Each structure stands twice: as C-alpha cells, then as structure tokens.
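Dropping my_file29.csv in here (CSV, C-alpha atoms):
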chain,number,residue,atom,x,y,z
A,1217,MET,CA,-51.9,-4.4,1.2
A,1218,THR,CA,-53.3,-7.3,-0.9
A,1219,ALA,CA,-51.4,-10.5,-1.5
A,1220,PRO,CA,-51.1,-9.7,-5.2
A,1221,ASP,CA,-49.7,-6.2,-4.4
A,1222,ARG,CA,-47.2,-7.7,-2.1
A,1223,THR,CA,-46.2,-10.3,-4.7
A,1224,ALA,CA,-45.6,-7.5,-7.2
A,1225,LEU,CA,-43.3,-5.8,-4.7
A,1226,ILE,CA,-41.4,-9.0,-4.1
A,1227,ASN,CA,-41.0,-9.5,-7.8
A,1228,ARG,CA,-39.6,-5.9,-8.1
A,1229,TYR,CA,-37.3,-6.7,-5.2
A,1230,ALA,CA,-36.1,-9.9,-7.0
A,1231,GLU,CA,-35.5,-8.1,-10.3
A,1232,GLY,CA,-33.6,-5.2,-8.8
A,1233,PRO,CA,-30.1,-6.5,-9.3
A,1234,ALA,CA,-30.7,-7.2,-13.0
A,1235,LEU,CA,-32.0,-3.7,-13.4
A,1236,LEU,CA,-29.0,-2.2,-11.7
A,1237,ARG,CA,-26.6,-4.2,-14.0
A,1238,ARG,CA,-28.5,-3.1,-17.1
A,1239,THR,CA,-28.4,0.5,-16.0
A,1240,LEU,CA,-24.7,0.2,-15.2
A,1241,ALA,CA,-23.9,-1.3,-18.6
A,1242,ALA,CA,-24.8,2.1,-20.2
A,1243,VAL,CA,-22.2,3.9,-18.1
A,1244,PRO,CA,-18.9,4.7,-19.8
A,1245,PRO,CA,-15.8,4.1,-17.7
A,1246,ASP,CA,-15.0,7.9,-17.6
A,1247,LEU,CA,-18.3,8.5,-15.8
A,1248,MET,CA,-17.8,6.1,-12.9
A,1249,GLN,CA,-15.8,8.6,-10.8
A,1250,TRP,CA,-17.5,11.7,-12.0
A,1251,ARG,CA,-19.4,13.7,-9.4
A,1252,PRO,CA,-22.4,15.6,-10.8
A,1253,ALA,CA,-22.3,18.3,-8.1
A,1254,PRO,CA,-20.7,18.8,-4.7
A,1255,GLY,CA,-22.4,16.5,-2.2
A,1256,LYS,CA,-23.8,14.2,-4.9
A,1257,TRP,CA,-22.6,10.7,-5.4
A,1258,THR,CA,-20.6,9.3,-8.3
A,1259,VAL,CA,-21.9,6.1,-10.0
A,1260,HIS,CA,-19.1,4.2,-8.2
A,1261,GLU,CA,-20.3,5.4,-4.8
A,1262,ILE,CA,-23.9,4.6,-5.7
A,1263,ILE,CA,-23.0,1.0,-6.4
A,1264,ILE,CA,-20.9,0.5,-3.2
A,1265,HIS,CA,-23.7,2.1,-1.2
A,1266,CYS,CA,-26.2,-0.3,-2.7
A,1267,ALA,CA,-24.1,-3.3,-1.6
A,1268,ASP,CA,-23.8,-1.9,1.9
A,1269,SER,CA,-27.5,-1.1,2.0
A,1270,GLU,CA,-28.5,-4.5,0.7
A,1271,CYS,CA,-26.4,-6.2,3.5
A,1272,ASN,CA,-28.2,-4.1,6.1
A,1273,ALA,CA,-31.6,-5.0,4.5
A,1274,HIS,CA,-30.7,-8.7,4.5
A,1275,MET,CA,-30.2,-8.6,8.2
A,1276,ARG,CA,-33.1,-6.3,9.0
A,1277,ILE,CA,-35.8,-8.6,7.6
A,1278,ARG,CA,-34.2,-11.5,9.5
A,1279,TYR,CA,-34.2,-9.6,12.7
A,1280,LEU,CA,-37.9,-8.6,12.1
A,1281,LEU,CA,-38.8,-12.2,11.6
A,1282,ALA,CA,-36.7,-14.0,14.2
A,1283,GLU,CA,-36.2,-11.7,17.2
A,1284,PRO,CA,-38.9,-10.9,19.7
A,1285,LYS,CA,-38.1,-7.1,20.0
A,1286,PRO,CA,-35.8,-6.3,17.1
A,1287,VAL,CA,-33.9,-3.0,17.0
A,1288,LEU,CA,-32.9,-2.0,13.5
A,1289,VAL,CA,-29.9,0.3,13.5
A,1290,GLY,CA,-29.8,3.3,11.2
A,1291,TYR,CA,-26.7,4.6,9.6
A,1292,ASP,CA,-25.4,7.7,7.9
A,1293,GLN,CA,-24.9,6.7,4.3
A,1294,ASP,CA,-22.8,9.7,3.5
A,1295,THR,CA,-20.5,9.0,6.4
A,1296,TRP,CA,-20.1,5.4,5.3
A,1297,ALA,CA,-19.2,6.6,1.8
A,1298,ARG,CA,-16.5,8.9,3.2
A,1299,VAL,CA,-15.1,6.8,6.0
A,1300,LEU,CA,-15.1,3.6,4.1
A,1301,ASP,CA,-13.6,5.4,1.1
A,1302,TYR,CA,-16.1,4.0,-1.4
A,1303,HIS,CA,-13.9,4.9,-4.4
A,1304,ALA,CA,-11.2,2.6,-3.1
A,1305,LEU,CA,-13.6,-0.4,-3.1
A,1306,PRO,CA,-14.1,-2.5,-6.3
A,1307,ILE,CA,-17.4,-2.5,-8.1
A,1308,GLU,CA,-17.7,-6.1,-9.2
A,1309,PRO,CA,-17.6,-7.6,-5.7
A,1310,ALA,CA,-20.2,-5.0,-4.7
A,1311,LEU,CA,-22.5,-6.1,-7.6
A,1312,THR,CA,-22.0,-9.7,-6.7
A,1313,THR,CA,-22.9,-9.0,-3.1
A,1314,ILE,CA,-26.1,-7.2,-4.2
A,1315,GLU,CA,-27.1,-10.2,-6.3
A,1316,ALA,CA,-26.2,-12.8,-3.7
A,1317,VAL,CA,-27.9,-11.0,-0.8
A,1318,ARG,CA,-31.1,-10.4,-2.8
A,1319,ALA,CA,-31.2,-14.0,-4.1
A,1320,ASN,CA,-30.7,-15.2,-0.5
A,1321,THR,CA,-33.5,-13.0,0.8
A,1322,VAL,CA,-36.1,-13.6,-2.0
A,1323,GLY,CA,-36.5,-17.2,-0.7
A,1324,VAL,CA,-37.2,-15.9,2.8
A,1325,ILE,CA,-39.7,-13.3,1.8
A,1326,ARG,CA,-41.6,-15.5,-0.6
A,1327,ARG,CA,-42.3,-17.9,2.3
A,1328,MET,CA,-43.5,-15.3,4.8
A,1329,SER,CA,-47.0,-15.7,6.3
A,1330,GLU,CA,-49.6,-13.0,6.8
A,1331,ALA,CA,-48.5,-12.9,10.4
A,1332,ASP,CA,-44.9,-12.4,9.4
A,1333,TRP,CA,-45.7,-9.4,7.3
A,1334,GLN,CA,-47.3,-7.8,10.4
A,1335,LYS,CA,-44.2,-8.2,12.6
A,1336,THR,CA,-42.6,-4.9,13.8
A,1337,GLY,CA,-39.4,-3.7,15.4
A,1338,HIS,CA,-37.9,-0.4,16.3
A,1339,HIS,CA,-35.7,1.5,13.8
A,1340,THR,CA,-33.3,3.8,15.6
A,1341,GLU,CA,-34.1,6.7,13.2
A,1342,SER,CA,-37.7,6.2,12.2
A,1343,GLY,CA,-39.3,4.4,15.1
A,1344,ALA,CA,-41.8,1.6,14.5
A,1345,TYR,CA,-40.8,-0.4,11.5
A,1346,SER,CA,-42.7,-3.4,10.1
A,1347,ALA,CA,-41.9,-6.1,7.6
A,1348,MET,CA,-44.2,-4.3,5.2
A,1349,ASP,CA,-42.2,-1.1,5.7
A,1350,TRP,CA,-39.1,-3.1,4.8
A,1351,LEU,CA,-40.6,-4.5,1.6
A,1352,LYS,CA,-41.9,-1.1,0.5
A,1353,THR,CA,-38.4,0.4,1.1
A,1354,TYR,CA,-36.3,-2.3,-0.5
A,1355,SER,CA,-38.5,-3.2,-3.4
A,1356,ASP,CA,-37.8,0.3,-4.6
A,1357,HIS,CA,-34.2,0.8,-3.5
A,1358,LEU,CA,-32.3,-0.4,-6.5
A,1359,GLU,CA,-34.8,1.2,-8.9
A,1360,VAL,CA,-34.2,4.6,-7.2
A,1361,HIS,CA,-30.5,4.2,-7.5
A,1362,SER,CA,-30.8,3.0,-11.1
A,1363,ARG,CA,-32.6,6.3,-11.9
A,1364,GLN,CA,-29.9,8.2,-10.0
A,1365,ILE,CA,-27.3,6.6,-12.2
A,1366,GLU,CA,-29.4,7.5,-15.3
A,1367,ARG,CA,-29.5,11.1,-14.1
A,1368,ASN,CA,-25.7,11.1,-13.6
A,1369,LEU,CA,-25.3,9.8,-17.1
A,1370,ALA,CA,-27.6,12.5,-18.5
A,1371,ALA,CA,-25.8,15.3,-16.6
A,1372,TRP,CA,-22.4,13.9,-17.7
A,1373,SER,CA,-23.5,13.7,-21.3
A,1374,GLY,CA,-24.9,17.2,-21.3
A,1375,ARG,CA,-21.9,18.9,-19.6

Reformat the file's structure so that it appears as structure tokens.
Amino acid sequence: MTAPDRTALINRYAEGPALLRRTLAAVPPDLMQWRPAPGKWTVHEIIIHCADSECNAHMRIRYLLAEPKPVLVGYDQDTWARVLDYHALPIEPALTTIEAVRANTVGVIRRMSEADWQKTGHHTESGAYSAMDWLKTYSDHLEVHSRQIERNLAAWSGR
C-alpha cells in the first residue's frame, strides 16, 4: 500500500465518529430499539457494539506496536450484545467513548513509521494480523455500521 493510500484510510478512520453521529441523527427515537429481523441488531445495539469494538481496536494497535509477540483476542460480538445487555446501556456514553478512543488513536497511527506498519501479531480467530490489517479493518468499521443503521431506517420506514 502506498503512503497516500494509507493516509486516505487514516483520514477515513478519523472521520468515522462524525459519520456515525450524522447517520444516527436521522434515526427517530422509535427506531432505536426496533429489530429488523430475528438475529439482526437494533440501532441501539449497533452503537454499543461500536463502542466495545473501538475499545478493542484501541488496544490492538497498541499491542501490535509495543509488544514483541502480541496476541489479539477475538470475541463473539453477538454474545457480548446478549450477555452485556446492550439495550440496558446508554447511547451517549458509547458515542463519547467512540469519539475519544478514535481521537486518542489517530495521533498514534499518524506517527507510525513504515516499519511500524509491517508489525504483526497473532489474532486468536484469524491468525497472522498486521498493523495494516488493523487499519483496513477499522478505517471501514464505522462506515459499515453507519450503512447498517441506514438499512435499519429504510426497513423500518418501509414496514
């Protein structure tokens, strides 16, 4: 990947929280707890998941950079949503967490060297996992969930 391509991904990563907030602003309160289908997440669950995922991402890049043989632990997101009772958790602290964690991480990734981007660890679910894998995953993560929220809104509006 070229340096300009990587910079574009870092910029997308930095802009993710604002995109999520804009997307969420279009969601009426009645939609927040609406489930589009069995096994599909509500908008509320999506937001809480994003906060949990961002906290994991925050630590994963740090482990990749600072530890000699980092192990990145996977998790079952559906189990977390159920066991942690995502609907019982408030939205605003989750959004604030997403914004803070991303802001704290942007400074780290903007200063990474070429050698840093080549660092790898072991992900318990997917095996070898590099800093570039991390960037590709998380630059897209909030965009993916913003589109998911938009799909929920469209399904809810068309019901």

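Going from atom CA of A:Leu1369 over to atom CA of A:Thr1258, you cover 10.0 Å.
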
For this session: Find the distance between atom CA of A:His1265 and atom CA of A:Tyr1229 and write it in Å to one decimal.
Result: 16.7 Å

For this session: List the neighbours of A:Tyr1354 out to 12 Å using all atoms listed in the file; skip same-chain residues closer than 3 positions along the sequence, and give me the result as a ChimeraX atom specification.
Result: /A:1225-1233,1266,1269-1274,1276-1277,1314,1318,1321-1322,1325,1347-1351,1357-1361

Problem set entry | For A:Tyr1279: contacts at 12 Å, only C-alpha atoms, fewer than 2 positions along chain excluded, given as a VMD selection string | chain A and resid 1272 to 1277 1281 to 1289 1332 1335 to 1339 1345 to 1347 1350

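Atom CA of A:Ala1242 sits 18.1 Å away from atom CA of A:Pro1306.
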
Problem set entry | Test item: residues at most 12 Å from A:Gly1255, all atoms listed in the file, excluding those fewer than 5 positions along its chain, as number ranges by chain | A: 1250, 1261, 1294-1295, 1297-1298

Exercise. Which is closest to A:Asp1246 among A:Leu1300, A:Ala1310, A:Val1259, A:Ala1234, if we use all atoms listed in the file?
Worked result: A:Val1259

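Each of A:Thr1223, A:Thr1313, A:Thr1353, A:Ser1342 was checked against A:Tyr1291 using only C-alpha atoms; the smallest atom-to-atom distance is that of A:Ser1342.
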
Seminar exercise, completed: For A:Met1328, the closest of A:Ile1307, A:Glu1366, A:Gln1249, A:Ala1219 counting all atoms listed in the file is A:Ala1219

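Using only C-alpha atoms, the nearest neighbour of A:Ala1344 within the list A:Leu1280, A:Leu1235, A:Asn1320, A:Pro1309 is A:Leu1280.
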
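Residue nearest A:Glu1330, chosen from A:Val1299, A:Ile1365, A:Met1217, A:Leu1311 and counting all atoms listed in the file: A:Met1217.
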
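When only C-alpha atoms are used to measure the gap to A:Gln1364, the shortest distance among A:Thr1218, A:Thr1340, A:Ser1329, A:Thr1239 belongs to A:Thr1239.
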